[in-house]
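Comments concern the structure below.
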Amino acid sequence: MALSVVYASDTGHVVGALALTGADAPADVASLVGRALPLRVSLGEGRMATLPLNARDLDVAAVDDEPGALAQPLAHGVELTPEGKPKPGLVRLASWTDGIALATDGVTVTVKVASARATPVVVLVSDEQDTHVLTGEIPAQQTQVKLPLTLVAGSAHGVLVLAVGWAGRLERLGVT
C-alpha cells in the first residue's frame with residue numbers, strides 16, 4: 001500500500017491522505033482535489049460549513065506508511081528538504097485544544113509555547129456565502145496573534161487554523 005498526502009504548501013499541514021493498493025497517486029494535486037479541497041464542519045441544526053482550500057495552495061507527496069495520517073491528517077505535517085522536496089516521513093505535530101477565539105473584530109490564535117522564530121498562521125473562517133482566508137504570524141518569543149475580521153456577535157462559523165508546528169484545528173466556533 002502506498003500513502004500519499006495532500007498538504008498545505010505554506011504550513012506543511014496534511015489536509016488529506018490517500019492509501020492506494022497497486023497504483024500510484026497522481027503527482028498533480030489538481031488531479032486529486034480539483035480546483036479546491038473542501039473541508040467540512042457541522043454548525044449544528046443540519047447546517048454545514050465548507051472551508052475550501054484552493055488547489056494552488058496545496059501540494060501532494062508520496063510518504064512512508066503512517067496509519068495515523070488517514071484518521072487524523074491535521075495532526076501530521078510534511079517537512080521539506082533544503083531543495084524543497086518533501087521528506088518521506090511525516091512529522092507528528094504538537095497538539096493543542098484551546099487557543100482559538102472569535103470576536104466581532106477578529107480571530108485570536110494562541111499557542112501553548114512561544115517559538116524562537118515567527119510562527120506563520122493561516123486561518124479560514126466560513127461565512128454565510130464566503131470563506132475568509134486570513135494570514136499572519138505569531139511573532140518570535142510570543143504565543144498569540146490577532147487577525148482582523150468583522151463578525152456578528154452570537155454567530156457560528158466553521159474555522160480552520162493552521163499554525164506551523166501545531167496540529168491543524170477544524171471546528172465550529174461562536175463569536176463572543
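Simple scheme: letters A, B, ... for chains in C-alpha cells order, numbers from 1 for residues in each chain, numbers from 1 for ligands in the order shown.
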Residues flagged alpha helix (DSSP H) by DSSP in region 16-103 of chain A, as a list in words: Val29, Ala30, Ser31, Leu32, Val33, Pro67, Gly68, Ala69, Leu70 and Ala71 of chain A
Do you have, as JSON lines, the list of residues of region 10-58 of chain A lying at most 12 Å from region 147-162 of chain A, each with its nearest atom pair and that distance in Å to one decimal, counting only C-alpha atoms and ordered by chain then number?
{"residue": "A:Asp10", "atom": "CA", "partner": "A:Leu162", "partner_atom": "CA", "distance": 9.3}
{"residue": "A:Thr11", "atom": "CA", "partner": "A:Leu162", "partner_atom": "CA", "distance": 6.8}
{"residue": "A:Gly12", "atom": "CA", "partner": "A:Leu162", "partner_atom": "CA", "distance": 8.9}
{"residue": "A:His13", "atom": "CA", "partner": "A:Leu162", "partner_atom": "CA", "distance": 7.0}
{"residue": "A:Val14", "atom": "CA", "partner": "A:Leu162", "partner_atom": "CA", "distance": 9.9}
{"residue": "A:Val15", "atom": "CA", "partner": "A:Leu162", "partner_atom": "CA", "distance": 9.9}
{"residue": "A:Pro38", "atom": "CA", "partner": "A:Leu160", "partner_atom": "CA", "distance": 11.2}
{"residue": "A:Leu39", "atom": "CA", "partner": "A:Leu160", "partner_atom": "CA", "distance": 8.5}
{"residue": "A:Arg40", "atom": "CA", "partner": "A:Gly158", "partner_atom": "CA", "distance": 7.8}
{"residue": "A:Val41", "atom": "CA", "partner": "A:Gly158", "partner_atom": "CA", "distance": 6.0}
{"residue": "A:Ser42", "atom": "CA", "partner": "A:Gly158", "partner_atom": "CA", "distance": 7.5}
{"residue": "A:Leu43", "atom": "CA", "partner": "A:Ala156", "partner_atom": "CA", "distance": 6.7}
{"residue": "A:Gly44", "atom": "CA", "partner": "A:Ala156", "partner_atom": "CA", "distance": 9.2}
{"residue": "A:Glu45", "atom": "CA", "partner": "A:Ala156", "partner_atom": "CA", "distance": 11.4}
{"residue": "A:Arg47", "atom": "CA", "partner": "A:Ala156", "partner_atom": "CA", "distance": 10.3}
{"residue": "A:Met48", "atom": "CA", "partner": "A:Gly158", "partner_atom": "CA", "distance": 8.2}
{"residue": "A:Ala49", "atom": "CA", "partner": "A:Gly158", "partner_atom": "CA", "distance": 5.3}
{"residue": "A:Thr50", "atom": "CA", "partner": "A:Gly158", "partner_atom": "CA", "distance": 7.3}
{"residue": "A:Leu51", "atom": "CA", "partner": "A:Gly158", "partner_atom": "CA", "distance": 7.3}
{"residue": "A:Pro52", "atom": "CA", "partner": "A:Leu160", "partner_atom": "CA", "distance": 10.0}
{"residue": "A:Leu53", "atom": "CA", "partner": "A:Leu160", "partner_atom": "CA", "distance": 9.9}
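Closest approach to Thr108 (chain A) from the set A:Leu18, A:Ala69, A:Lys146, A:Ala55 is made by A:Lys146, with distances taken over only C-alpha atoms.
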Residues within 6 Å of region 135-138 of chain A, only C-alpha atoms, excluding chain neighbours under 3 positions, as a PyMOL selection string: chain A and resi 118-122+144-145
May I have the selected residues written with C-alpha atoms, as an mmCIF file, in the first residue's frame?
data_model
loop_
_atom_site.group_PDB
_atom_site.id
_atom_site.type_symbol
_atom_site.label_atom_id
_atom_site.label_comp_id
_atom_site.auth_asym_id
_atom_site.auth_seq_id
_atom_site.Cartn_x
_atom_site.Cartn_y
_atom_site.Cartn_z
ATOM 1 C CA ALA A 118 7.940 33.706 13.979
ATOM 2 C CA THR A 119 5.149 31.140 13.517
ATOM 3 C CA PRO A 120 3.186 31.520 10.252
ATOM 4 C CA VAL A 121 -0.579 31.115 10.676
ATOM 5 C CA VAL A 122 -3.345 30.558 8.101
ATOM 6 C CA GLN A 144 -0.533 34.983 20.194
ATOM 7 C CA VAL A 145 -1.703 36.781 17.057
#
Close residues, Ser115 (chain A) itself excluded, 12 Å, only C-alpha atoms, min 6 positions apart in chain, as an NGL selection string: :A and (137-144 or 163-166)
Residues flagged strand (DSSP E or B) by DSSP in region 61-99 of chain A, as a ChimeraX atom specification: /A:61-63,76-80,86-92,94
For Asp127 (chain A), the nearest of the candidates A:Val113, A:Val29, A:Leu173, A:Val78, counting only C-alpha atoms: A:Leu173
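Using only C-alpha atoms, the smallest distance between any of A:Val109, A:Ala101, A:Val125, A:Ala114 and Val175 (chain A) comes from A:Ala101.
Omitting His76 (chain A) and its sequence neighbours fewer than 6 positions away, and counting only C-alpha atoms, the residues within 6 Å are Val14, Val91, Arg92 and Leu93 of chain A.
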Would you save the residues of that selection, restricted to N, CA, C and O atoms, as a compact mmCIF listing (two decimals), in the first residue's frame?
# COMPACT_ATOMS: atom_id res chain seq x y z
N VAL A 14 -0.81 18.35 6.76
CA VAL A 14 -1.51 17.36 5.95
C VAL A 14 -3.00 17.67 6.08
O VAL A 14 -3.53 17.77 7.18
N VAL A 91 5.74 14.23 10.04
CA VAL A 91 6.04 14.71 11.38
C VAL A 91 4.73 14.78 12.16
O VAL A 91 3.72 15.25 11.65
N ARG A 92 4.76 14.28 13.39
CA ARG A 92 3.59 14.42 14.28
C ARG A 92 3.65 15.81 14.88
O ARG A 92 4.64 16.19 15.50
N LEU A 93 2.60 16.60 14.68
CA LEU A 93 2.58 17.99 15.15
C LEU A 93 2.07 18.08 16.58
O LEU A 93 1.29 17.24 17.03
Among listed residues A:Leu134, A:Ala17, A:Leu37, A:Ala27, nearest Ala75 (chain A) (using only C-alpha atoms): A:Ala17
7 Å contact set for Leu3 (chain A), only C-alpha atoms, chain neighbours under 2 positions out, as a count of residues only: 9
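Using only C-alpha atoms for every distance, the candidate list A:Tyr7, A:Lys112, A:Glu79, A:Leu70 yields A:Lys112 as the residue closest to Ile100 (chain A).
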Nearest residue to Thr104 (chain A) from the set A:Gly174, A:His132, A:Ser4, A:Val123 (distances using only C-alpha atoms):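 Of the candidates, the smallest distance to Thr104 (chain A) is held by A:Gly174.
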